[in-house]
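Listing of entry.tsv, TSV, C-alpha atoms
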chain	number	residue	atom	x	y	z
A	1	MET	CA	97.00	126.32	106.51
A	2	LYS	CA	93.47	125.06	106.05
A	3	SER	CA	94.42	121.45	105.52
A	4	THR	CA	96.73	118.62	106.34
A	5	ILE	CA	98.18	117.01	103.23
A	6	THR	CA	99.48	113.47	103.67
A	7	ILE	CA	101.65	111.90	100.98
A	8	LYS	CA	102.37	108.19	100.79
A	9	SER	CA	105.57	108.56	98.78
A	10	GLU	CA	106.08	104.84	98.30
A	11	ARG	CA	102.89	104.79	96.23
A	12	CYS	CA	103.55	107.94	94.17
A	13	LYS	CA	104.70	107.41	90.58
A	14	GLY	CA	105.00	111.10	89.74
A	15	CYS	CA	102.34	111.16	87.01
A	16	GLY	CA	101.55	114.82	87.79
A	17	ILE	CA	97.75	114.53	87.73
A	18	CYS	CA	97.47	116.09	91.20
A	19	VAL	CA	99.86	118.89	90.26
A	20	ALA	CA	97.88	119.71	87.11
A	21	PHE	CA	94.42	119.73	88.70
A	22	CYS	CA	95.32	121.71	91.83
A	23	PRO	CA	93.50	125.04	91.41
A	24	LYS	CA	95.90	126.81	93.79
A	25	LYS	CA	99.25	125.47	92.53
A	26	VAL	CA	100.02	123.91	95.90
A	27	LEU	CA	101.82	120.84	94.57
A	28	GLY	CA	104.93	120.13	92.53
A	29	LEU	CA	107.19	117.23	91.66
A	30	SER	CA	110.47	116.72	93.49
A	31	GLU	CA	113.83	116.05	91.90
A	32	LEU	CA	113.09	112.36	92.36
A	33	GLY	CA	109.80	112.68	90.51
A	34	LYS	CA	107.51	112.40	93.52
A	35	VAL	CA	104.76	114.79	94.56
A	36	GLN	CA	105.66	117.36	97.20
A	37	VAL	CA	103.87	120.26	98.84
A	38	GLU	CA	105.40	123.51	97.60
A	39	ASN	CA	102.85	126.07	98.66
A	40	GLY	CA	100.83	124.55	101.49
A	41	GLU	CA	99.47	127.88	102.71
A	42	SER	CA	97.40	128.24	99.52
A	43	CYS	CA	95.62	124.89	99.93
A	44	ILE	CA	91.85	125.27	100.14
A	45	ALA	CA	91.30	121.58	100.99
A	46	CYS	CA	89.28	120.93	97.83
A	47	ALA	CA	90.90	117.47	97.56
A	48	GLN	CA	90.85	117.42	93.75
A	49	CYS	CA	94.35	115.91	94.00
A	50	GLU	CA	93.14	113.05	96.19
A	51	LEU	CA	90.07	112.46	94.03
A	52	ARG	CA	91.98	111.67	90.83
A	53	CYS	CA	95.23	110.21	92.18
A	54	PRO	CA	95.44	106.83	90.40
A	55	ASP	CA	97.85	105.54	93.02
A	56	TYR	CA	96.08	106.59	96.27
A	57	ALA	CA	99.21	108.47	97.28
A	58	ILE	CA	97.87	111.86	98.39
A	59	PHE	CA	95.24	112.66	101.03
A	60	VAL	CA	93.81	115.98	102.11
A	61	ASP	CA	92.10	116.51	105.44
A	62	LYS	CA	90.41	119.78	106.23
A	63	LYS	CA	91.66	121.24	109.49
A	64	GLU	CA	88.93	121.58	112.06
A	65	GLY	CA	87.75	125.13	112.45
A	66	ALA	CA	89.67	126.26	109.35
B	1	MET	CA	97.87	115.75	112.76
B	2	GLU	CA	97.54	112.13	111.76
B	3	MET	CA	95.44	111.70	108.62
B	4	ALA	CA	92.11	109.96	108.91
B	5	GLU	CA	92.46	106.58	107.18
B	6	ARG	CA	90.18	106.41	104.15
B	7	SER	CA	87.37	103.92	104.61
B	8	TYR	CA	87.66	102.57	101.05
B	9	GLU	CA	91.25	101.50	101.73
B	10	LYS	CA	89.98	98.49	103.65
B	11	PHE	CA	88.83	97.04	100.32
B	12	PHE	CA	92.40	97.01	98.97
B	13	ARG	CA	95.03	94.37	99.66
B	14	GLN	CA	97.44	96.82	101.23
B	15	HIS	CA	100.50	94.59	100.90
B	16	ARG	CA	99.97	94.48	97.10
B	17	LEU	CA	100.13	98.26	96.68
B	18	PRO	CA	101.54	100.18	94.89
B	19	HIS	CA	99.86	98.56	91.89
B	20	MET	CA	101.70	97.67	88.68
B	21	TRP	CA	99.88	100.12	86.39
B	22	CYS	CA	101.93	102.78	84.59
B	23	PRO	CA	102.29	106.30	86.03
B	24	GLY	CA	99.08	108.19	85.29
B	25	CYS	CA	97.07	105.13	84.22
B	26	GLY	CA	93.32	105.58	84.69
B	27	ASN	CA	92.75	102.02	85.88
B	28	GLY	CA	93.66	103.01	89.44
B	29	ILE	CA	90.98	105.70	89.39
B	30	ALA	CA	88.35	103.30	88.05
B	31	MET	CA	89.29	100.70	90.67
B	32	LYS	CA	88.82	103.31	93.39
B	33	ALA	CA	85.41	104.20	91.93
B	34	ILE	CA	84.40	100.53	92.22
B	35	VAL	CA	85.29	100.34	95.91
B	36	MET	CA	83.56	103.69	96.50
B	37	ALA	CA	80.43	102.15	94.97
B	38	ILE	CA	80.78	98.96	97.01
B	39	GLU	CA	81.08	101.06	100.14
B	40	LYS	CA	77.62	102.47	99.45
B	41	HIS	CA	76.27	98.92	99.57
B	42	PRO	CA	76.87	97.68	103.13
B	43	GLU	CA	75.32	94.34	102.19
B	44	LEU	CA	78.37	93.66	100.01
B	45	THR	CA	81.14	92.26	102.23
B	46	ALA	CA	84.50	90.62	101.66
B	47	ASP	CA	82.83	87.26	102.31
B	48	ASN	CA	79.85	87.49	99.96
B	49	THR	CA	81.31	89.45	97.07
B	50	VAL	CA	83.39	87.96	94.26
B	51	ILE	CA	85.47	90.00	91.84
B	52	VAL	CA	86.15	88.22	88.54
B	53	SER	CA	88.44	89.56	85.83
B	54	GLY	CA	89.77	88.42	82.48
B	55	ILE	CA	93.15	89.29	80.97
B	56	GLY	CA	94.70	92.65	80.28
B	57	CYS	CA	95.75	95.74	82.18
B	58	SER	CA	92.21	96.27	83.51
B	59	SER	CA	91.95	92.72	84.74
B	60	ARG	CA	94.91	93.10	87.08
B	61	ALA	CA	92.52	95.01	89.35
B	62	SER	CA	91.17	91.82	90.94
B	63	GLY	CA	94.59	91.17	92.48
B	64	TYR	CA	94.45	94.37	94.49
B	65	MET	CA	90.93	94.03	95.83
B	66	ASP	CA	90.33	92.33	99.16
B	67	PHE	CA	87.39	90.09	98.29
B	68	ASP	CA	87.22	86.58	96.92
B	69	THR	CA	88.81	87.22	93.55
B	70	LEU	CA	89.29	85.27	90.36
B	71	HIS	CA	91.72	86.27	87.61
B	72	THR	CA	90.64	84.11	84.70
B	73	ALA	CA	91.35	83.46	81.01
B	74	HIS	CA	91.33	86.05	78.23
B	75	GLY	CA	87.77	87.11	77.42
B	76	ARG	CA	86.33	84.53	79.81
B	77	ALA	CA	85.61	86.58	82.91
B	78	LEU	CA	81.87	86.55	82.17
B	79	PRO	CA	81.61	82.74	81.76
B	80	PHE	CA	83.50	82.21	85.04
B	81	ALA	CA	81.25	84.76	86.73
B	82	THR	CA	78.18	83.06	85.25
B	83	GLY	CA	79.31	79.76	86.77
B	84	ILE	CA	79.78	81.34	90.19
B	85	LYS	CA	76.40	83.05	90.07
B	86	MET	CA	74.53	79.91	88.98
B	87	ALA	CA	76.19	77.78	91.68
B	88	ARG	CA	75.78	80.43	94.38
B	89	PRO	CA	73.08	82.96	93.45
B	90	ASP	CA	73.43	84.45	96.94
B	91	LEU	CA	76.87	85.88	96.11
B	92	HIS	CA	77.38	89.34	94.64
B	93	VAL	CA	79.50	88.96	91.53
B	94	ILE	CA	81.37	91.88	89.95
B	95	VAL	CA	83.27	91.52	86.69
B	96	ILE	CA	86.18	93.73	85.67
B	97	THR	CA	87.14	93.60	82.02
B	98	GLY	CA	88.75	95.73	79.33
B	99	ASP	CA	87.91	96.83	75.81
B	100	GLY	CA	90.00	94.06	74.24
B	101	ASP	CA	88.95	91.41	76.75
B	102	CYS	CA	85.23	92.16	76.57
B	103	THR	CA	84.62	93.18	72.96
B	104	ALA	CA	87.18	91.13	71.01
B	105	ILE	CA	87.98	87.65	72.33
B	106	GLY	CA	85.14	87.83	74.86
B	107	GLY	CA	82.60	89.43	72.54
B	108	ASN	CA	80.18	86.53	72.33
B	109	HIS	CA	80.28	85.91	76.06
B	110	PHE	CA	79.39	89.55	76.51
B	111	ILE	CA	76.40	89.33	74.15
B	112	HIS	CA	75.02	86.23	75.82
B	113	SER	CA	75.51	87.53	79.37
B	114	CYS	CA	73.38	90.50	78.32
B	115	ARG	CA	70.86	88.23	76.62
B	116	ARG	CA	70.45	86.05	79.72
B	117	ASN	CA	70.20	89.10	81.97
B	118	ILE	CA	72.28	87.24	84.51
B	119	ASP	CA	72.67	89.17	87.76
B	120	LEU	CA	76.27	90.38	87.35
B	121	THR	CA	77.73	93.87	87.38
B	122	ALA	CA	80.36	94.20	84.65
B	123	ILE	CA	82.69	97.19	84.53
B	124	LEU	CA	84.64	97.67	81.33
B	125	PHE	CA	87.81	99.75	81.66
B	126	ASN	CA	87.99	101.28	78.19
B	127	ASN	CA	91.50	102.56	77.44
B	128	SER	CA	90.97	102.21	73.65
B	129	ILE	CA	93.97	99.94	73.16
B	130	TYR	CA	95.70	96.69	74.10
B	131	GLY	CA	98.07	98.26	76.59
B	132	MET	CA	99.81	95.27	78.14
B	133	THR	CA	100.74	93.48	74.93
B	134	GLY	CA	102.28	96.47	73.20
B	135	GLY	CA	99.63	98.92	72.08
B	136	GLN	CA	97.77	97.04	69.37
B	137	THR	CA	94.43	98.36	68.12
B	138	SER	CA	91.35	97.04	69.92
B	139	PRO	CA	87.76	96.89	68.64
B	140	MET	CA	87.15	100.10	70.59
B	141	THR	CA	90.06	102.14	69.19
B	142	PRO	CA	88.41	105.22	67.67
B	143	MET	CA	88.57	105.83	63.91
B	144	GLY	CA	91.78	107.48	62.80
B	145	LYS	CA	93.61	106.85	66.08
B	146	LYS	CA	97.04	105.31	65.96
B	147	ALA	CA	98.18	102.04	67.47
B	148	THR	CA	101.25	99.91	66.84
B	149	THR	CA	99.16	97.83	64.40
B	150	THR	CA	97.53	100.87	62.77
B	151	PRO	CA	100.46	103.29	62.31
B	152	TYR	CA	98.42	105.41	59.86
B	153	GLY	CA	95.32	105.40	62.06
B	154	SER	CA	92.54	102.90	62.57
B	155	VAL	CA	90.29	102.54	59.53
B	156	ALA	CA	87.52	100.59	61.26
B	157	ARG	CA	84.67	102.10	63.23
B	158	PRO	CA	84.90	101.45	66.98
B	159	LEU	CA	82.42	99.16	68.66
B	160	ASP	CA	79.94	100.80	71.04
B	161	PRO	CA	79.46	98.24	73.82
B	162	SER	CA	76.70	100.29	75.48
B	163	ALA	CA	74.56	100.10	72.33
B	164	LEU	CA	75.43	96.42	72.00
B	165	ALA	CA	74.50	95.72	75.64
B	166	LYS	CA	71.16	97.47	75.21
B	167	ALA	CA	70.38	95.60	72.01
B	168	ALA	CA	71.41	92.27	73.49
B	169	GLY	CA	69.20	92.54	76.57
B	170	ALA	CA	71.19	94.02	79.46
B	171	THR	CA	68.89	95.80	81.92
B	172	TYR	CA	71.27	98.51	83.19
B	173	VAL	CA	73.72	100.30	80.90
B	174	ALA	CA	75.83	103.33	81.81
B	175	ARG	CA	79.05	105.12	80.95
B	176	SER	CA	81.38	107.48	82.76
B	177	THR	CA	85.05	108.44	82.79
B	178	ALA	CA	88.08	108.50	85.06
B	179	TYR	CA	87.78	112.29	85.21
B	180	HIS	CA	84.24	112.09	86.62
B	181	VAL	CA	85.18	109.94	89.63
B	182	HIS	CA	82.07	110.55	91.76
B	183	HIS	CA	79.81	110.13	88.73
B	184	LEU	CA	81.55	106.89	87.78
B	185	ALA	CA	81.11	105.58	91.33
B	186	LYS	CA	77.43	106.53	91.17
B	187	MET	CA	76.97	104.67	87.87
B	188	ILE	CA	78.50	101.54	89.43
B	189	GLU	CA	76.51	101.94	92.64
B	190	GLN	CA	73.27	102.04	90.62
B	191	GLY	CA	74.42	99.05	88.59
B	192	LEU	CA	74.82	97.09	91.82
B	193	ASN	CA	71.17	97.90	92.64
B	194	ASN	CA	69.94	96.14	89.52
B	195	LYS	CA	69.02	92.46	89.82
B	196	GLY	CA	70.04	91.56	86.30
B	197	PHE	CA	72.94	92.23	83.96
B	198	SER	CA	74.46	95.65	84.59
B	199	PHE	CA	77.09	97.07	82.27
B	200	ILE	CA	79.17	100.15	83.03
B	201	GLU	CA	81.80	101.49	80.64
B	202	ALA	CA	84.55	103.44	82.41
B	203	ILE	CA	86.65	105.47	79.99
B	204	VAL	CA	90.22	105.50	81.30
B	205	GLN	CA	93.44	107.01	80.03
B	206	CYS	CA	96.36	104.92	78.80
B	207	PRO	CA	99.16	107.48	78.62
B	208	THR	CA	101.84	104.90	77.78
B	209	ALA	CA	100.48	103.01	74.77
B	210	TYR	CA	97.55	105.08	73.50
B	211	GLY	CA	98.20	108.65	74.61
B	212	ARG	CA	101.82	108.73	73.50
B	213	LYS	CA	101.02	107.25	70.08
B	214	ASN	CA	98.27	109.80	69.52
B	215	LYS	CA	100.09	112.83	70.97
B	216	MET	CA	97.47	113.32	73.65
B	217	GLY	CA	99.94	114.80	76.13
B	218	THR	CA	100.27	114.07	79.82
B	219	PRO	CA	97.92	111.88	81.87
B	220	ALA	CA	96.35	115.11	83.16
B	221	ASP	CA	95.83	116.29	79.56
B	222	MET	CA	94.03	113.02	78.82
B	223	LEU	CA	91.76	113.53	81.84
B	224	ALA	CA	91.10	117.11	80.68
B	225	TRP	CA	90.11	115.66	77.27
B	226	MET	CA	87.45	113.58	79.06
B	227	ARG	CA	86.28	116.63	80.98
B	228	ASP	CA	85.98	118.66	77.76
B	229	ASN	CA	84.34	116.02	75.56
B	230	ALA	CA	82.01	114.09	77.85
B	231	VAL	CA	78.44	115.41	77.80
B	232	MET	CA	75.87	114.38	80.40
B	233	LYS	CA	73.20	112.28	78.69
B	234	GLU	CA	70.39	114.70	79.59
B	235	ALA	CA	72.24	117.49	77.76
B	236	TRP	CA	73.38	115.18	74.96
B	237	ASP	CA	69.80	114.20	74.12
B	238	LYS	CA	68.94	117.87	73.55
B	239	LEU	CA	71.93	118.55	71.29
B	240	PRO	CA	71.29	119.02	67.56
B	241	GLU	CA	72.90	116.30	65.43
B	242	GLU	CA	75.65	118.59	64.10
B	243	LYS	CA	76.85	119.23	67.69
B	244	LYS	CA	77.27	115.48	68.28
B	245	GLN	CA	80.18	115.35	65.84
B	246	GLY	CA	83.88	115.21	66.55
B	247	GLU	CA	85.10	113.67	69.77
B	248	LYS	CA	82.09	114.49	71.95
B	249	PHE	CA	80.42	111.54	73.64
B	250	PRO	CA	77.57	111.05	76.13
B	251	ILE	CA	77.97	109.81	79.70
B	252	GLY	CA	75.29	108.78	82.18
B	253	VAL	CA	72.63	106.09	82.45
B	254	PHE	CA	71.59	104.83	79.00
B	255	LEU	CA	69.16	102.18	80.25
B	256	ASP	CA	67.69	101.26	83.63
B	257	SER	CA	64.96	98.66	83.25
B	258	ARG	CA	63.67	95.55	84.97
B	259	TYR	CA	63.46	92.01	83.65
B	260	VAL	CA	63.65	88.61	85.33
B	261	ASP	CA	67.27	87.57	85.89
B	262	TYR	CA	68.68	84.26	84.69
B	263	ALA	CA	69.18	82.55	88.08
B	264	THR	CA	65.61	83.38	89.14
B	265	ALA	CA	64.19	82.09	85.86
B	266	TYR	CA	66.32	78.94	86.19
B	267	ASN	CA	65.09	78.31	89.73
B	268	ASP	CA	61.51	78.55	88.46
B	269	VAL	CA	62.29	75.74	86.02
B	270	ILE	CA	63.82	73.63	88.82
B	271	ARG	CA	60.68	74.12	90.90
B	272	ALA	CA	58.39	73.32	87.95
B	273	ALA	CA	60.30	70.10	87.45
B	274	GLY	CA	59.80	69.18	91.11
B	275	GLY	CA	63.38	69.88	92.15
B	276	GLU	CA	64.60	71.61	95.25
B	277	VAL	CA	65.98	75.10	95.10
B	278	LYS	CA	68.84	75.77	97.51

Once you've parsed the file, please lay out its structure as C-alpha cells.
Amino acid sequence: MKSTITIKSERCKGCGICVAFCPKKVLGLSELGKVQVENGESCIACAQCELRCPDYAIFVDKKEGA
Amino acid sequence: MEMAERSYEKFFRQHRLPHMWCPGCGNGIAMKAIVMAIEKHPELTADNTVIVSGIGCSSRASGYMDFDTLHTAHGRALPFATGIKMARPDLHVIVITGDGDCTAIGGNHFIHSCRRNIDLTAILFNNSIYGMTGGQTSPMTPMGKKATTTPYGSVARPLDPSALAKAAGATYVARSTAYHVHHLAKMIEQGLNNKGFSFIEAIVQCPTAYGRKNKMGTPADMLAWMRDNAVMKEAWDKLPEEKKQGEKFPIGVFLDSRYVDYATAYNDVIRAAGGEVK
C-alpha cells in the first residue's frame, strides 16, 4: 500500500464524491452510508478524494519510500 | 501510522464540525478553499482577520471559521464589513455571501462596495438557488432551470455579478468552481493581495434544492458538470462566439487592476481637514 488513508467517520455524510472521483476505485460506501476503504492496495495516493471532500472526512498520506 | 494533521484545520472551530450543510454540498469545499488561501497569507491571523457573512446557506460558513466572525442580516454583510474596515483599517476583512444574499436583497450594497473600492475580499458562493428557504429561484438561477417558484423553468436571464463588479468599480474580479479547488484557492489568495474591493465568485453545487429539481444527478455529477463546462479565461477569450453557447462559462481572473481604496482616500480627507489619522 502506497498510502495511509484516514477517515473521520463522524464527519462523513456519505455524499459519494470521493468514491466517484477515485481513479482507482479504492473507496466505497458502507451499509451505514459512510465511506470505507475497499481496495486499499490500489491507492496511488493522488488525494483527489481528500481534495474535494466537502466535509473534511478523508485524508491521504503518502507512505514514505513508497 | 498516525495521519499528519492538516495545517488548514487550525482555521476551523473543531467543536462545531461536522457542519450543517447537506451531504455533497459545495459550500464545504469553498470554505476549505478560503482557509487554503488564508494560509498562503501568514500576515492574516485569527486576531487580525474578520469574517463577515450575511444570511443563507453560504453565510453559515462564518460559524465554522476560527477568526473574529460576524453573522449579520440578510444582504447586509458588506455594510457591516464596511463599518469594520472604516473603524479599523488595519484589520483584514473577508466577506462570505451567496447568490441570493449578494445579488438580490444585498444588490445595492454590492454595487456600492465595488464603487467605493473598499478594501474587502468578498467571496460569493453561487449555488444558483435559495437553498435554505426551500429552493426558490435566485437572481442567478440560469434561464430555463427549475426552482420551487419556477416549476416550468426560470424565464429571466441570470445576473452576472462578475460583469456587474467590473462595471461598478471593483479592482479584482475572478471566478472559479468547487471542482477546481486549487484554482479557487488561488483566485482567493490573489484577491487577498489586492488593496481594494476584490470579488470572487465560487460556483458550488446544491444537490438538495437545485440539483434534484433539475435532474443533475449526484453531487459528484454536479462537480463533473463544472469540470466539463468551465473554460479557463485564456482559452475562453480565443473561442469563437458559437462555441461560447450552451452551458459553457469562463473561469479565472477577469480583472486585476489598481485604484485607491476607500479607507485610504478617506484618511486623505481627514488629513486635509487637519484631523488626526489613527

Counting only C-alpha atoms, which residues in chain A sit no more than 7 Å from chain B? For each one, give the nearest pair of atoms and the distance in Å, sorted by chain then residue number, as CSV.
residue,atom,partner,partner_atom,distance
A:Thr6,CA,B:Met3,CA,6.6
A:Arg11,CA,B:Pro18,CA,5.0
A:Lys13,CA,B:Pro23,CA,5.3
A:Gly14,CA,B:Pro23,CA,6.6
A:Cys15,CA,B:Gly24,CA,4.7
A:Gly16,CA,B:Ala220,CA,7.0
A:Ile17,CA,B:Ala220,CA,4.8
A:Ala20,CA,B:Ala220,CA,6.3
A:Arg52,CA,B:Ile29,CA,6.2
A:Cys53,CA,B:Ile29,CA,6.8
A:Pro54,CA,B:Gly28,CA,4.3
A:Asp55,CA,B:Gly28,CA,6.1
A:Asp61,CA,B:Met3,CA,6.7

- Would you kindly identify which residues have an atom no farther than 12 Å from (110.7, 112.8, 92.6), using only C-alpha atoms and the file's own coordinates, and write them out as an NGL selection string? :A and (9-16 or 28-37)

- Message: Which residues are near Ile58 of chain A? Cut-off 8 Å, only C-alpha atoms, ignore same chain within fewer than 3 positions. Put them as a VMD selection string.
- Response: chain A and resid 5 to 8 49 to 50 53

Restrict the selected residues to C-alpha atoms and save them as an mmCIF file, in the frame of the given file.
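Result written to selection_10.cif:
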data_model
loop_
_atom_site.group_PDB
_atom_site.id
_atom_site.type_symbol
_atom_site.label_atom_id
_atom_site.label_comp_id
_atom_site.auth_asym_id
_atom_site.auth_seq_id
_atom_site.Cartn_x
_atom_site.Cartn_y
_atom_site.Cartn_z
ATOM 1 C CA ILE A 5 98.180 117.010 103.230
ATOM 2 C CA THR A 6 99.480 113.470 103.670
ATOM 3 C CA ILE A 7 101.650 111.900 100.980
ATOM 4 C CA LYS A 8 102.370 108.190 100.790
ATOM 5 C CA CYS A 49 94.350 115.910 94.000
ATOM 6 C CA GLU A 50 93.140 113.050 96.190
ATOM 7 C CA CYS A 53 95.230 110.210 92.180
#

Contacts between segment 248-264 of chain B and segment 33-149 of chain B, please, where a residue of segment 33-149 of chain B counts if it comes within 9 Å (with only C-alpha atoms); show its shortest atom pair and distance in Å to one decimal, rows by chain and ascending number, as CSV.
residue,atom,partner,partner_atom,distance
B:Lys85,CA,B:Ala263,CA,7.5
B:Met86,CA,B:Ala263,CA,6.0
B:Pro89,CA,B:Ala263,CA,6.6
B:Arg116,CA,B:Tyr262,CA,5.6
B:Asn117,CA,B:Asp261,CA,5.1
B:Ile118,CA,B:Tyr262,CA,4.7
B:Asp119,CA,B:Asp261,CA,5.9

- Kindly indicate which residue among B:Ser176, B:Thr121, B:Asn193, B:Asn229 lies nearest to Leu78 of chain B, using only C-alpha atoms for the distances.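 For Leu78 of chain B, the nearest of the candidates is B:Thr121.
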
- Message: Calculated over only C-alpha atoms, which of the candidates A:Val26, A:Asn39, A:Phe21, A:Lys63 has the smallest distance to Leu51 of chain A?
- Response: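 Ranked by minimum distance to Leu51 of chain A, first place goes to A:Phe21.
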
- Mind checking which residues fall within 10 Å of Leu44 of chain B, counting only C-alpha atoms, ignoring those fewer than 2 positions away in the same chain, and posting them as JSON, numbers by chain? {"B": [38, 39, 40, 41, 42, 46, 47, 48, 49, 50, 67, 91, 92, 93, 192]}

- Message: (81.4, 99.6, 83.2) in this file's frame - what residues fall within 10 Å of it? Use all atoms listed in the file and give the answer as JSON, numbers by chain.
- Response: {"B": [30, 34, 95, 96, 97, 98, 121, 122, 123, 124, 125, 126, 161, 162, 173, 174, 175, 176, 177, 184, 187, 188, 191, 198, 199, 200, 201, 202, 203]}

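Residue nearest Cys114 of chain B, chosen from B:Gln245, B:Ser62, B:Thr82, B:Thr171 and counting only C-alpha atoms: B:Thr171.
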
- Which of these residues is nearest to Tyr152 of chain B, using only C-alpha atoms: B:Thr133, B:Cys57, B:Gly107, B:Lys213?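 Ranked by minimum distance to Tyr152 of chain B, first place goes to B:Lys213.
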
- Item | Distance of atom CA of Asp101 of chain B from atom CA of Ala163 of chain B, expressed in Å to one decimal place | 17.4 Å

- Long-range neighbours of Phe11 of chain B as a ChimeraX atom specification, 6 Å cut-off, only C-alpha atoms, 3 positions minimum in chain: /B:8,65-66

Those selected residues, please, written with C-alpha atoms and delivered as an mmCIF file, in the coordinates of the input.
data_model
loop_
_atom_site.group_PDB
_atom_site.id
_atom_site.type_symbol
_atom_site.label_atom_id
_atom_site.label_comp_id
_atom_site.auth_asym_id
_atom_site.auth_seq_id
_atom_site.Cartn_x
_atom_site.Cartn_y
_atom_site.Cartn_z
ATOM 1 C CA TYR B 8 87.660 102.570 101.050
ATOM 2 C CA MET B 65 90.930 94.030 95.830
ATOM 3 C CA ASP B 66 90.330 92.330 99.160
#

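Going from atom CA of Gly144 of chain B to atom CA of Ala170 of chain B covers 29.7 Å.
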
- Can you tell me how far atom CA of Pro79 of chain B sits from atom CA of Tyr130 of chain B, in Å to one decimal? 21.3 Å

Would you mind completing segment 208-227 of chain B so that it carries N, CA and C atoms, and writing it out as a PDB file, in the coordinates of the input?
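Result file follows (part27.pdb):
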ATOM      1  N   THR B 208     100.631 105.557  78.285  1.00  0.00           N
ATOM      2  CA  THR B 208     101.840 104.900  77.780  1.00  0.00           C
ATOM      3  C   THR B 208     101.674 104.393  76.339  1.00  0.00           C
ATOM      4  N   ALA B 209     100.620 103.617  76.095  1.00  0.00           N
ATOM      5  CA  ALA B 209     100.480 103.010  74.770  1.00  0.00           C
ATOM      6  C   ALA B 209      99.605 103.847  73.836  1.00  0.00           C
ATOM      7  N   TYR B 210      98.506 104.372  74.362  1.00  0.00           N
ATOM      8  CA  TYR B 210      97.550 105.080  73.500  1.00  0.00           C
ATOM      9  C   TYR B 210      97.824 106.578  73.428  1.00  0.00           C
ATOM     10  N   GLY B 211      97.995 107.199  74.573  1.00  0.00           N
ATOM     11  CA  GLY B 211      98.200 108.650  74.610  1.00  0.00           C
ATOM     12  C   GLY B 211      99.468 109.081  73.891  1.00  0.00           C
ATOM     13  N   ARG B 212     100.540 108.353  74.118  1.00  0.00           N
ATOM     14  CA  ARG B 212     101.820 108.730  73.500  1.00  0.00           C
ATOM     15  C   ARG B 212     101.750 108.597  71.987  1.00  0.00           C
ATOM     16  N   LYS B 213     101.143 107.513  71.524  1.00  0.00           N
ATOM     17  CA  LYS B 213     101.020 107.250  70.080  1.00  0.00           C
ATOM     18  C   LYS B 213     100.176 108.326  69.402  1.00  0.00           C
ATOM     19  N   ASN B 214      99.200 108.845  70.129  1.00  0.00           N
ATOM     20  CA  ASN B 214      98.270 109.800  69.520  1.00  0.00           C
ATOM     21  C   ASN B 214      98.500 111.238  69.985  1.00  0.00           C
ATOM     22  N   LYS B 215      99.683 111.474  70.556  1.00  0.00           N
ATOM     23  CA  LYS B 215     100.090 112.830  70.970  1.00  0.00           C
ATOM     24  C   LYS B 215      99.016 113.521  71.813  1.00  0.00           C
ATOM     25  N   MET B 216      98.532 112.788  72.795  1.00  0.00           N
ATOM     26  CA  MET B 216      97.470 113.320  73.650  1.00  0.00           C
ATOM     27  C   MET B 216      98.020 113.977  74.913  1.00  0.00           C
ATOM     28  N   GLY B 217      99.341 114.068  75.021  1.00  0.00           N
ATOM     29  CA  GLY B 217      99.940 114.800  76.130  1.00  0.00           C
ATOM     30  C   GLY B 217     100.068 113.989  77.403  1.00  0.00           C
ATOM     31  N   THR B 218     100.054 114.700  78.519  1.00  0.00           N
ATOM     32  CA  THR B 218     100.270 114.070  79.820  1.00  0.00           C
ATOM     33  C   THR B 218      98.998 113.334  80.266  1.00  0.00           C
ATOM     34  N   PRO B 219      99.127 112.500  81.312  1.00  0.00           N
ATOM     35  CA  PRO B 219      97.920 111.880  81.870  1.00  0.00           C
ATOM     36  C   PRO B 219      96.863 112.923  82.256  1.00  0.00           C
ATOM     37  N   ALA B 220      97.309 114.052  82.789  1.00  0.00           N
ATOM     38  CA  ALA B 220      96.350 115.110  83.160  1.00  0.00           C
ATOM     39  C   ALA B 220      95.680 115.687  81.917  1.00  0.00           C
ATOM     40  N   ASP B 221      96.429 115.815  80.823  1.00  0.00           N
ATOM     41  CA  ASP B 221      95.830 116.290  79.560  1.00  0.00           C
ATOM     42  C   ASP B 221      94.753 115.313  79.086  1.00  0.00           C
ATOM     43  N   MET B 222      95.012 114.026  79.267  1.00  0.00           N
ATOM     44  CA  MET B 222      94.030 113.020  78.820  1.00  0.00           C
ATOM     45  C   MET B 222      92.760 113.093  79.665  1.00  0.00           C
ATOM     46  N   LEU B 223      92.942 113.358  80.975  1.00  0.00           N
ATOM     47  CA  LEU B 223      91.760 113.530  81.840  1.00  0.00           C
ATOM     48  C   LEU B 223      90.993 114.801  81.445  1.00  0.00           C
ATOM     49  N   ALA B 224      91.744 115.851  81.095  1.00  0.00           N
ATOM     50  CA  ALA B 224      91.100 117.110  80.680  1.00  0.00           C
ATOM     51  C   ALA B 224      90.317 116.889  79.379  1.00  0.00           C
ATOM     52  N   TRP B 225      90.829 116.013  78.507  1.00  0.00           N
ATOM     53  CA  TRP B 225      90.110 115.660  77.270  1.00  0.00           C
ATOM     54  C   TRP B 225      88.747 115.042  77.624  1.00  0.00           C
ATOM     55  N   MET B 226      88.726 114.182  78.636  1.00  0.00           N
ATOM     56  CA  MET B 226      87.450 113.580  79.060  1.00  0.00           C
ATOM     57  C   MET B 226      86.504 114.648  79.602  1.00  0.00           C
ATOM     58  N   ARG B 227      87.069 115.539  80.407  1.00  0.00           N
ATOM     59  CA  ARG B 227      86.280 116.630  80.980  1.00  0.00           C
ATOM     60  C   ARG B 227      85.642 117.469  79.858  1.00  0.00           C
TER      61      ARG B 227
END
